[in-house]
>>> print(open('coords-v2.pdb').read())   # PDB, C-alpha atoms
ATOM      1  CA  THR S   1     112.309 121.538  16.084
ATOM      2  CA  SER S   2     108.626 121.723  17.029
ATOM      3  CA  PHE S   3     109.313 124.638  19.395
ATOM      4  CA  VAL S   4     111.381 126.511  16.800
ATOM      5  CA  ASN S   5     108.681 126.035  14.165
ATOM      6  CA  SER S   6     106.056 127.350  16.581
ATOM      7  CA  MET S   7     108.197 130.342  17.506
ATOM      8  CA  ASP S   8     108.714 131.191  13.823
ATOM      9  CA  ARG S   9     104.940 131.164  13.242
ATOM     10  CA  VAL S  10     104.282 133.375  16.258
ATOM     11  CA  ILE S  11     107.004 135.841  15.246
ATOM     12  CA  ALA S  12     105.520 136.083  11.744
ATOM     13  CA  ALA S  13     102.067 136.803  13.199
ATOM     14  CA  LYS S  14     103.402 139.772  15.248
ATOM     15  CA  PRO S  15     101.118 139.438  18.314
ATOM     16  CA  HIS S  16     100.209 142.865  19.746
ATOM     17  CA  GLY S  17     102.148 144.332  16.793
ATOM     18  CA  LEU S  18     105.427 143.271  18.399
ATOM     19  CA  ASN S  19     108.627 142.728  16.432
ATOM     20  CA  ILE S  20     110.033 139.730  18.285
ATOM     21  CA  GLU S  21     113.716 138.815  18.136
ATOM     22  CA  VAL S  22     115.052 135.486  19.426
ATOM     23  CA  ASN S  23     118.516 134.414  20.515
ATOM     24  CA  TYR S  24     119.428 131.017  21.912
ATOM     25  CA  THR S  25     122.228 128.916  23.366
ATOM     26  CA  GLU S  26     122.481 125.164  22.778
ATOM     27  CA  ASN S  27     123.969 122.389  24.931
ATOM     28  CA  VAL S  28     123.412 124.272  28.183
ATOM     29  CA  ALA S  29     123.268 121.138  30.376
ATOM     30  CA  ASP S  30     124.535 121.901  33.904
ATOM     31  CA  ASN S  31     125.478 125.488  33.059
ATOM     32  CA  ALA S  32     121.889 126.762  32.913
ATOM     33  CA  GLU S  33     122.141 129.242  35.785
ATOM     34  CA  GLN S  34     125.135 131.023  34.252
ATOM     35  CA  VAL S  35     123.556 131.110  30.787
ATOM     36  CA  PHE S  36     120.309 132.569  32.165
ATOM     37  CA  ARG S  37     122.315 135.122  34.174
ATOM     38  CA  THR S  38     124.358 136.180  31.162
ATOM     39  CA  TYR S  39     121.196 136.889  29.167
ATOM     40  CA  ALA S  40     119.465 138.595  32.098
ATOM     41  CA  GLU S  41     122.366 140.934  32.903
ATOM     42  CA  THR S  42     122.430 142.369  29.383
ATOM     43  CA  GLY S  43     119.060 143.976  30.050
ATOM     44  CA  GLN S  44     118.082 143.253  26.444
ATOM     45  CA  TYR S  45     115.774 140.265  26.975
ATOM     46  CA  ASP S  46     112.199 140.317  28.256
ATOM     47  CA  ILE S  47     111.486 136.568  28.274
ATOM     48  CA  LEU S  48     113.998 133.781  28.962
ATOM     49  CA  PHE S  49     112.975 130.258  27.944
ATOM     50  CA  GLY S  50     114.471 127.054  29.287
ATOM     51  CA  ASP S  51     113.477 124.096  27.143
ATOM     52  CA  THR S  52     113.802 121.437  29.846
ATOM     53  CA  ALA S  53     113.923 120.991  33.643
ATOM     54  CA  TYR S  54     115.638 124.218  34.709
ATOM     55  CA  VAL S  55     113.569 124.927  37.798
ATOM     56  CA  ASP S  56     116.630 125.058  40.094
ATOM     57  CA  ALA S  57     118.387 127.679  37.991
ATOM     58  CA  ILE S  58     115.232 129.751  37.560
ATOM     59  CA  GLU S  59     114.425 129.607  41.282
ATOM     60  CA  LYS S  60     117.846 131.087  42.062
ATOM     61  CA  LEU S  61     117.496 133.933  39.574
ATOM     62  CA  LYS S  62     113.847 134.923  39.309
ATOM     63  CA  ASP S  63     113.749 137.269  42.324
ATOM     64  CA  GLU S  64     117.034 138.889  41.323
ATOM     65  CA  PHE S  65     115.528 139.820  37.944
ATOM     66  CA  PRO S  66     111.837 140.502  38.738
ATOM     67  CA  ASN S  67     111.194 142.332  35.447
ATOM     68  CA  ILE S  68     112.099 139.307  33.334
ATOM     69  CA  MET S  69     109.658 136.509  32.562
ATOM     70  CA  PHE S  70     111.353 133.125  33.066
ATOM     71  CA  VAL S  71     109.803 130.104  31.346
ATOM     72  CA  MET S  72     110.377 126.388  31.936
ATOM     73  CA  THR S  73     108.894 123.619  29.817
ATOM     74  CA  GLY S  74     107.823 120.032  30.385
ATOM     75  CA  SER S  75     108.210 117.551  33.216
ATOM     76  CA  GLY S  76     110.843 117.696  35.935
ATOM     77  CA  ASN S  77     109.899 121.252  36.915
ATOM     78  CA  GLN S  78     107.699 122.704  39.660
ATOM     79  CA  GLY S  79     105.484 125.731  39.994
ATOM     80  CA  LEU S  80     107.258 128.756  41.444
ATOM     81  CA  GLY S  81     104.730 131.482  40.677
ATOM     82  CA  GLY S  82     105.659 135.132  40.319
ATOM     83  CA  ASN S  83     107.734 135.701  37.194
ATOM     84  CA  ALA S  84     108.467 131.977  36.670
ATOM     85  CA  TYR S  85     106.025 130.432  34.182
ATOM     86  CA  TRP S  86     105.686 126.707  33.547
ATOM     87  CA  ILE S  87     104.271 125.452  30.261
ATOM     88  CA  PHE S  88     103.539 121.839  29.418
ATOM     89  CA  ILE S  89     102.488 119.965  26.312
ATOM     90  CA  HIS S  90     100.377 116.820  26.158
ATOM     91  CA  ALA S  91     100.080 114.864  22.909
ATOM     92  CA  HIS S  92      97.793 112.207  24.354
ATOM     93  CA  GLU S  93      94.843 113.110  22.129
ATOM     94  CA  PRO S  94      96.482 112.418  18.738
ATOM     95  CA  ALA S  95      98.320 109.489  20.368
ATOM     96  CA  TYR S  96      94.934 107.963  21.230
ATOM     97  CA  VAL S  97      93.832 108.120  17.587
ATOM     98  CA  MET S  98      97.127 106.563  16.485
ATOM     99  CA  GLY S  99      96.420 103.764  18.960
ATOM    100  CA  GLU S 100      93.068 103.219  17.308
ATOM    101  CA  ILE S 101      94.839 102.881  13.946
ATOM    102  CA  ALA S 102      97.305 100.406  15.453
ATOM    103  CA  GLY S 103      94.532  98.371  17.054
ATOM    104  CA  LYS S 104      92.656  98.173  13.781
ATOM    105  CA  MET S 105      95.623  97.430  11.522
ATOM    106  CA  THR S 106      97.674  95.017  13.639
ATOM    107  CA  LYS S 107      97.725  91.458  12.343
ATOM    108  CA  SER S 108      99.481  89.955  15.361
ATOM    109  CA  ASN S 109      97.421  91.775  18.035
ATOM    110  CA  VAL S 110     100.723  92.813  19.634
ATOM    111  CA  VAL S 111     101.266  96.572  19.799
ATOM    112  CA  GLY S 112     104.370  98.223  21.220
ATOM    113  CA  ALA S 113     105.835 101.529  22.375
ATOM    114  CA  VAL S 114     109.524 102.398  22.596
ATOM    115  CA  SER S 115     110.089 105.536  24.659
ATOM    116  CA  THR S 116     112.792 107.525  26.420
ATOM    117  CA  PHE S 117     112.064 107.830  30.153
ATOM    118  CA  PRO S 118     108.862 107.313  32.130
ATOM    119  CA  ALA S 119     107.593 110.855  32.766
ATOM    120  CA  ASP S 120     104.321 112.780  32.771
ATOM    121  CA  ASP S 121     104.783 113.909  29.180
ATOM    122  CA  THR S 122     105.680 110.454  27.873
ATOM    123  CA  ASN S 123     103.364 108.294  29.965
ATOM    124  CA  ASP S 124     100.325 110.318  28.905
ATOM    125  CA  GLN S 125     100.981 109.507  25.255
ATOM    126  CA  ILE S 126     101.796 105.841  25.893
ATOM    127  CA  ASN S 127      98.692 105.302  28.018
ATOM    128  CA  ALA S 128      96.498 107.042  25.441
ATOM    129  CA  PHE S 129      98.038 105.067  22.575
ATOM    130  CA  PHE S 130      97.295 101.732  24.239
ATOM    131  CA  ALA S 131      93.855 102.894  25.361
ATOM    132  CA  GLY S 132      93.001 103.680  21.745
ATOM    133  CA  ALA S 133      94.314 100.335  20.541
ATOM    134  CA  LYS S 134      92.373  98.354  23.155
ATOM    135  CA  ASP S 135      89.174 100.348  22.706
ATOM    136  CA  VAL S 136      88.926  99.171  19.097
ATOM    137  CA  ASN S 137      90.588  95.780  19.618
ATOM    138  CA  PRO S 138      90.302  94.290  23.136
ATOM    139  CA  ALA S 139      92.558  91.402  22.072
ATOM    140  CA  VAL S 140      95.582  93.726  21.813
ATOM    141  CA  LYS S 141      98.582  92.891  23.993
ATOM    142  CA  GLN S 142     101.012  95.709  24.772
ATOM    143  CA  LYS S 143     104.801  95.889  24.908
ATOM    144  CA  ILE S 144     106.533  98.906  26.504
ATOM    145  CA  THR S 145     110.276  99.626  26.586
ATOM    146  CA  PHE S 146     112.012 102.693  28.051
ATOM    147  CA  ILE S 147     115.574 103.063  26.734
ATOM    148  CA  GLN S 148     116.503 105.353  29.676
ATOM    149  CA  SER S 149     118.031 107.960  27.372
ATOM    150  CA  TRP S 150     116.730 111.070  25.610
ATOM    151  CA  PHE S 151     118.416 109.937  22.404
ATOM    152  CA  ASP S 152     120.211 106.661  21.760
ATOM    153  CA  PRO S 153     119.508 105.167  18.304
ATOM    154  CA  THR S 154     121.341 101.931  19.107
ATOM    155  CA  LYS S 155     119.259 101.231  22.216
ATOM    156  CA  SER S 156     116.101 102.310  20.425
ATOM    157  CA  ASN S 157     116.723  99.972  17.500
ATOM    158  CA  GLU S 158     117.599  97.109  19.858
ATOM    159  CA  ALA S 159     114.344  97.662  21.762
ATOM    160  CA  THR S 160     112.401  97.784  18.510
ATOM    161  CA  SER S 161     113.971  94.531  17.318
ATOM    162  CA  ALA S 162     113.125  92.868  20.628
ATOM    163  CA  GLN S 163     109.496  93.963  20.404
ATOM    164  CA  ILE S 164     109.225  92.700  16.834
ATOM    165  CA  ALA S 165     110.690  89.371  17.973
ATOM    166  CA  ALA S 166     107.943  89.293  20.616
ATOM    167  CA  GLY S 167     105.304  89.718  17.906
ATOM    168  CA  ALA S 168     104.756  93.483  17.715
ATOM    169  CA  ASP S 169     103.849  94.711  14.242
ATOM    170  CA  MET S 170     102.687  98.219  15.250
ATOM    171  CA  ILE S 171     105.081 100.318  17.378
ATOM    172  CA  TYR S 172     104.824 103.871  18.711
ATOM    173  CA  GLN S 173     108.424 104.931  18.172
ATOM    174  CA  MET S 174     108.792 107.769  20.686
ATOM    175  CA  SER S 175     112.575 107.544  21.015
ATOM    176  CA  GLY S 176     113.235 108.713  17.487
ATOM    177  CA  ALA S 177     114.991 105.844  15.673
ATOM    178  CA  PHE S 178     113.317 104.194  12.692
ATOM    179  CA  GLU S 179     116.009 102.106  10.987
ATOM    180  CA  VAL S 180     114.583  98.774  12.146
ATOM    181  CA  CYS S 181     111.048  99.872  11.293
ATOM    182  CA  GLU S 182     112.169 100.618   7.741
ATOM    183  CA  GLU S 183     114.209  97.438   7.392
ATOM    184  CA  ARG S 184     111.445  95.192   8.656
ATOM    185  CA  GLY S 185     108.600  97.054   7.000
ATOM    186  CA  ILE S 186     106.410  97.092  10.101
ATOM    187  CA  GLY S 187     104.028  99.898  11.022
ATOM    188  CA  CYS S 188     105.535 102.581  13.225
ATOM    189  CA  PHE S 189     104.271 105.914  14.557
ATOM    190  CA  GLY S 190     106.185 109.168  14.897
ATOM    191  CA  ASN S 191     106.252 111.613  17.776
ATOM    192  CA  TYR S 192     106.390 115.422  18.079
ATOM    193  CA  VAL S 193     107.121 116.068  14.377
ATOM    194  CA  ASP S 194     106.010 114.452  11.118
ATOM    195  CA  MET S 195     108.455 111.562  10.711
ATOM    196  CA  SER S 196     107.122 110.257   7.371
ATOM    197  CA  LYS S 197     109.987 111.855   5.445
ATOM    198  CA  VAL S 198     112.516 110.113   7.693
ATOM    199  CA  ALA S 199     110.884 106.680   7.437
ATOM    200  CA  PRO S 200     108.477 106.759   4.469
ATOM    201  CA  LYS S 201     107.923 102.995   4.291
ATOM    202  CA  SER S 202     107.105 102.370   7.936
ATOM    203  CA  ILE S 203     105.595 105.535   9.412
ATOM    204  CA  ILE S 204     101.808 105.304   9.387
ATOM    205  CA  ALA S 205     101.133 108.565  11.222
ATOM    206  CA  SER S 206     102.766 111.055  13.558
ATOM    207  CA  ALA S 207     101.459 112.923  16.591
ATOM    208  CA  ILE S 208     102.893 116.384  16.141
ATOM    209  CA  VAL S 209     102.999 119.080  18.785
ATOM    210  CA  LYS S 210     102.617 122.822  18.409
ATOM    211  CA  TRP S 211     103.728 125.278  21.065
ATOM    212  CA  ASP S 212     101.919 128.179  19.353
ATOM    213  CA  PRO S 213      99.124 128.566  21.952
ATOM    214  CA  HIS S 214     101.629 128.349  24.817
ATOM    215  CA  ILE S 215     103.919 131.002  23.319
ATOM    216  CA  ASN S 216     100.979 133.281  22.524
ATOM    217  CA  TRP S 217      99.661 132.864  26.075
ATOM    218  CA  LEU S 218     103.068 133.789  27.510
ATOM    219  CA  ILE S 219     103.314 136.860  25.299
ATOM    220  CA  ASP S 220      99.798 137.877  26.361
ATOM    221  CA  GLN S 221     100.803 137.536  30.021
ATOM    222  CA  TRP S 222     103.953 139.575  29.428
ATOM    223  CA  TRP S 223     102.019 142.213  27.471
ATOM    224  CA  LYS S 224      99.466 142.586  30.267
ATOM    225  CA  VAL S 225     102.227 143.207  32.798
ATOM    226  CA  LYS S 226     104.086 145.684  30.595
ATOM    227  CA  THR S 227     100.990 147.686  29.610
ATOM    228  CA  THR S 228      99.179 147.780  32.968
ATOM    229  CA  GLY S 229     102.050 147.920  35.427
ATOM    230  CA  ALA S 230     100.800 144.790  37.165
ATOM    231  CA  ALA S 231     103.236 142.281  38.621
ATOM    232  CA  PHE S 232     103.940 138.924  37.028
ATOM    233  CA  ASP S 233     101.611 136.367  38.565
ATOM    234  CA  ALA S 234     102.357 132.945  37.104
ATOM    235  CA  PRO S 235     100.129 129.999  38.014
ATOM    236  CA  THR S 236     101.845 127.401  40.154
ATOM    237  CA  GLU S 237     100.380 124.660  37.971
ATOM    238  CA  PRO S 238     101.733 124.026  34.466
ATOM    239  CA  LYS S 239      99.789 125.679  31.662
ATOM    240  CA  TRP S 240      98.863 123.454  28.742
ATOM    241  CA  PHE S 241      96.416 123.501  25.865
ATOM    242  CA  THR S 242      94.246 120.863  24.231
ATOM    243  CA  TRP S 243      94.272 119.603  20.665
ATOM    244  CA  ALA S 244      91.192 121.738  19.950
ATOM    245  CA  GLU S 245      93.095 124.790  21.212
ATOM    246  CA  GLY S 246      95.870 124.229  18.663
ATOM    247  CA  SER S 247      98.468 122.303  20.652
ATOM    248  CA  GLY S 248      99.097 119.663  18.005
ATOM    249  CA  ASP S 249      97.822 117.565  15.191
ATOM    250  CA  LEU S 250      97.737 114.107  13.662
ATOM    251  CA  VAL S 251      99.486 113.690  10.315
ATOM    252  CA  LEU S 252      98.925 110.563   8.236
ATOM    253  CA  ASN S 253     101.637 109.340   5.872
ATOM    254  CA  PRO S 254     100.019 109.519   2.399
ATOM    255  CA  VAL S 255     101.652 106.201   1.438
ATOM    256  CA  TRP S 256      99.862 104.393   4.272
ATOM    257  CA  GLU S 257      96.708 106.457   4.023
ATOM    258  CA  ALA S 258      96.272 105.323   0.409
ATOM    259  CA  LYS S 259      96.145 101.666   1.457
ATOM    260  CA  MET S 260      94.264 102.207   4.719
ATOM    261  CA  PRO S 261      90.863 100.438   4.838
ATOM    262  CA  GLU S 262      87.914 102.779   4.512
ATOM    263  CA  ASP S 263      86.560 101.849   7.928
ATOM    264  CA  VAL S 264      89.862 102.857   9.514
ATOM    265  CA  LYS S 265      89.895 106.178   7.655
ATOM    266  CA  LYS S 266      86.356 106.861   8.876
ATOM    267  CA  LEU S 267      87.306 105.886  12.419
ATOM    268  CA  VAL S 268      90.200 108.356  12.333
ATOM    269  CA  ALA S 269      88.039 111.167  10.965
ATOM    270  CA  ASP S 270      85.268 110.504  13.497
ATOM    271  CA  SER S 271      87.685 110.326  16.421
ATOM    272  CA  VAL S 272      89.459 113.538  15.442
ATOM    273  CA  GLU S 273      86.128 115.344  15.158
ATOM    274  CA  ALA S 274      84.890 113.933  18.474
ATOM    275  CA  ILE S 275      88.040 114.903  20.368
ATOM    276  CA  LYS S 276      88.340 118.383  18.887
ATOM    277  CA  SER S 277      84.653 119.119  19.502
ATOM    278  CA  GLY S 278      84.843 117.926  23.090
ATOM    279  CA  LYS S 279      82.449 115.000  22.595
ATOM    280  CA  LYS S 280      85.225 112.546  23.460
ATOM    281  CA  LYS S 281      87.604 113.181  26.325
TER     282      LYS S 281
END
>>> encode(input="coords-v2.pdb", output="structure tokens")
Amino acid sequence: TSFVNSMDRVIAAKPHGLNIEVNYTENVADNAEQVFRTYAETGQYDILFGDTAYVDAIEKLKDEFPNIMFVMTGSGNQGLGGNAYWIFIHAHEPAYVMGEIAGKMTKSNVVGAVSTFPADDTNDQINAFFAGAKDVNPAVKQKITFIQSWFDPTKSNEATSAQIAAGADMIYQMSGAFEVCEERGIGCFGNYVDMSKVAPKSIIASAIVKWDPHINWLIDQWWKVKTTGAAFDAPTEPKWFTWAEGSGDLVLNPVWEAKMPEDVKKLVADSVEAIKSGKKK
């Protein structure tokens, strides 16, 4: 959803005056190479995105279709260079501020995180969340559970219940299930998109991500190649952008914001300003 929203905004902005059209295939799974090939052989597509770890498929195809820009996103990939671009997103900066909120507002001093898998783009947020909590409240104890699935509401709710039983009253709910949070009325935090509409009673804030700067950067790279005749020359390291560069945001749930102590509101505002200005890293 976050990627689609970003793509819609970029299309509307018409970078370089381009009229951009998008087509997509869902549930690719192990058939990625054939799907990429089908798109590439039509000759109608300039950029082919893979929204997960498709490095193996792209490595097999990139030299066969040198005029196409291939893009892979997130962890599980590796830098291939040439016409294979690797973009990454880190939401650790807003996650840190959410940790500060959790550290300030917890009554039990037990703060938790329920996530999917341990990976570069989940661990960064978890570590930042707990760092924020402990920076404002050194007494905080942390609970971490990985459900070992990209989406399993049953496991997520079971993990949440277990953390609550262990005393957690503030939980970073990265695995996307909020039923227990709503039932128990504890404070939870959303990930990637604003989850306050899904769980209005329990969501305090959400760290949202925006792929806009990544997509614009890719289009700029493509445009440079197409207008100068240069070859694609992708970095072998993943390209990512900071919060200040537009890669995300922190969204407070108005219901919780209304009852948030003034010192916590000020802390949030100060931290956001410090991070976006580069004073705090």
>>> resolve_selection(input="coords-v2.pdb", expression="the PyMOL selection byres ((chain S and resi 104-120) around 8)", output="JSON, numbers by chain")
{"S": [75, 100, 101, 102, 103, 121, 122, 123, 124, 126, 130, 133, 136, 137, 139, 140, 141, 142, 143, 144, 145, 146, 147, 148, 149, 150, 151, 156, 159, 160, 163, 167, 168, 169, 170, 171, 172, 173, 174, 175, 264]}
>>> closest_atom_pairs(input="coords-v2.pdb", of="region 155-238 of chain S", to="region 4-15 of chain S", cutoff="7 Å", atoms="all atoms listed in the file", output="Markdown table")
| residue | atom | partner | partner_atom | distance |
| --- | --- | --- | --- | --- |
| S:Lys210 | CA | S:Ser6 | CA | 6.0 |
| S:Trp211 | CA | S:Ser6 | CA | 5.5 |
| S:Asp212 | CA | S:Ser6 | CA | 5.0 |
>>> write_last_selection(input="coords-v2.pdb", atoms="C-alpha atoms", output="PDB file, in the coordinates of the input")
ATOM      1  CA  LYS S 210     102.617 122.822  18.409  1.00  0.00           C
ATOM      2  CA  TRP S 211     103.728 125.278  21.065  1.00  0.00           C
ATOM      3  CA  ASP S 212     101.919 128.179  19.353  1.00  0.00           C
TER       4      ASP S 212
END
>>> resolve_selection(input="coords-v2.pdb", expression="the PyMOL selection byres ((chain S and resi 34) around 12)", output="VMD selection string")
chain S and resid 25 28 to 33 35 to 41 54 56 to 58 60 to 61
>>> resolve_selection(input="coords-v2.pdb", expression="the PyMOL selection byres ((chain S and resi 97-99) around 8)", output="mmCIF file with C-alpha atoms, keeping the file's coordinate frame")
data_model
loop_
_atom_site.group_PDB
_atom_site.id
_atom_site.type_symbol
_atom_site.label_atom_id
_atom_site.label_comp_id
_atom_site.auth_asym_id
_atom_site.auth_seq_id
_atom_site.Cartn_x
_atom_site.Cartn_y
_atom_site.Cartn_z
ATOM 1 C CA GLU S 93 94.843 113.110 22.129
ATOM 2 C CA PRO S 94 96.482 112.418 18.738
ATOM 3 C CA ALA S 95 98.320 109.489 20.368
ATOM 4 C CA TYR S 96 94.934 107.963 21.230
ATOM 5 C CA GLU S 100 93.068 103.219 17.308
ATOM 6 C CA ILE S 101 94.839 102.881 13.946
ATOM 7 C CA ALA S 102 97.305 100.406 15.453
ATOM 8 C CA GLY S 103 94.532 98.371 17.054
ATOM 9 C CA ALA S 128 96.498 107.042 25.441
ATOM 10 C CA PHE S 129 98.038 105.067 22.575
ATOM 11 C CA PHE S 130 97.295 101.732 24.239
ATOM 12 C CA ALA S 131 93.855 102.894 25.361
ATOM 13 C CA GLY S 132 93.001 103.680 21.745
ATOM 14 C CA ALA S 133 94.314 100.335 20.541
ATOM 15 C CA LYS S 134 92.373 98.354 23.155
ATOM 16 C CA PHE S 189 104.271 105.914 14.557
ATOM 17 C CA ALA S 205 101.133 108.565 11.222
ATOM 18 C CA SER S 206 102.766 111.055 13.558
ATOM 19 C CA ALA S 207 101.459 112.923 16.591
ATOM 20 C CA VAL S 268 90.200 108.356 12.333
ATOM 21 C CA SER S 271 87.685 110.326 16.421
ATOM 22 C CA VAL S 272 89.459 113.538 15.442
#
>>> atom_distance(input="coords-v2.pdb", atom1="CA of Gly43 (chain S)", atom2="CA of Asn77 (chain S)")
25.4 Å
>>> axis_aligned_box(input="coords-v2.pdb", around="region 180-188 of chain S", padding_each_side="4 Å", output="AutoDock Vina command-line options")
--center_x 109.3 --center_y 98.9 --center_z 10.1 --size_x 18.6 --size_y 15.4 --size_z 14.2
>>> closest_residue(input="coords-v2.pdb", among="S:Leu250, S:Ala166, S:Ile275, S:Ile47", to="Val193 (chain S)", atoms="all atoms listed in the file")
S:Leu250
>>> atom_distance(input="coords-v2.pdb", atom1="CA of Lys281 (chain S)", atom2="CA of Pro238 (chain S)")
19.6 Å
>>> decode(input="coords-v2.pdb", residues="region 252-260 of chain S", atoms="all heavy atoms", output="short mmCIF file (atom, residue, chain, number, x, y, z; two decimals), in the first residue's frame")
data_model
loop_
_atom_site.label_atom_id
_atom_site.label_comp_id
_atom_site.auth_asym_id
_atom_site.auth_seq_id
_atom_site.Cartn_x
_atom_site.Cartn_y
_atom_site.Cartn_z
N LEU S 252 0.53 10.73 14.54
CA LEU S 252 -0.10 10.50 15.84
C LEU S 252 -1.60 10.27 15.65
O LEU S 252 -2.24 10.93 14.82
CB LEU S 252 0.12 11.69 16.78
CG LEU S 252 1.55 11.98 17.23
CD1 LEU S 252 1.60 13.29 18.01
CD2 LEU S 252 2.10 10.85 18.08
N ASN S 253 -2.15 9.35 16.43
CA ASN S 253 -3.60 9.14 16.45
C ASN S 253 -4.21 10.29 17.24
O ASN S 253 -3.88 10.48 18.41
CB ASN S 253 -3.90 7.80 17.12
CG ASN S 253 -5.40 7.51 17.19
OD1 ASN S 253 -6.24 8.35 16.88
ND2 ASN S 253 -5.73 6.31 17.63
N PRO S 254 -5.10 11.08 16.63
CA PRO S 254 -5.67 12.24 17.35
C PRO S 254 -6.33 11.88 18.68
O PRO S 254 -6.32 12.69 19.61
CB PRO S 254 -6.72 12.77 16.36
CG PRO S 254 -6.26 12.30 15.02
CD PRO S 254 -5.60 10.97 15.26
N VAL S 255 -6.88 10.68 18.79
CA VAL S 255 -7.51 10.25 20.04
C VAL S 255 -6.50 10.20 21.17
O VAL S 255 -6.75 10.65 22.29
CB VAL S 255 -8.20 8.88 19.87
CG1 VAL S 255 -8.76 8.38 21.20
CG2 VAL S 255 -9.29 8.95 18.82
N TRP S 256 -5.31 9.64 20.88
CA TRP S 256 -4.26 9.56 21.89
C TRP S 256 -3.55 10.89 22.06
O TRP S 256 -3.15 11.26 23.17
CB TRP S 256 -3.25 8.47 21.52
CG TRP S 256 -3.70 7.10 21.92
CD1 TRP S 256 -4.57 6.30 21.25
CD2 TRP S 256 -3.31 6.37 23.09
NE1 TRP S 256 -4.75 5.11 21.92
CE2 TRP S 256 -3.98 5.13 23.04
CE3 TRP S 256 -2.45 6.64 24.15
CZ2 TRP S 256 -3.83 4.16 24.04
CZ3 TRP S 256 -2.30 5.67 25.14
CH2 TRP S 256 -2.97 4.45 25.08
N GLU S 257 -3.38 11.61 20.96
CA GLU S 257 -2.70 12.89 21.04
C GLU S 257 -3.44 13.85 21.98
O GLU S 257 -2.82 14.61 22.72
CB GLU S 257 -2.57 13.51 19.65
CG GLU S 257 -1.74 14.78 19.60
CD GLU S 257 -1.59 15.33 18.20
OE1 GLU S 257 -2.30 14.86 17.28
OE2 GLU S 257 -0.75 16.23 18.02
N ALA S 258 -4.77 13.77 21.96
CA ALA S 258 -5.58 14.66 22.80
C ALA S 258 -5.36 14.44 24.29
O ALA S 258 -5.49 15.37 25.09
CB ALA S 258 -7.06 14.48 22.45
N LYS S 259 -5.01 13.20 24.66
CA LYS S 259 -4.81 12.91 26.08
C LYS S 259 -3.33 12.73 26.43
O LYS S 259 -2.99 12.34 27.54
CB LYS S 259 -5.60 11.66 26.49
CG LYS S 259 -5.25 10.40 25.71
CD LYS S 259 -6.18 9.24 26.09
CE LYS S 259 -5.89 7.98 25.30
NZ LYS S 259 -6.81 6.88 25.61
N MET S 260 -2.46 13.05 25.48
CA MET S 260 -1.02 12.91 25.70
C MET S 260 -0.53 14.07 26.57
O MET S 260 -0.87 15.22 26.33
CB MET S 260 -0.30 12.92 24.35
CG MET S 260 1.11 12.39 24.35
SD MET S 260 1.75 12.29 22.64
CE MET S 260 0.96 10.77 22.08
#
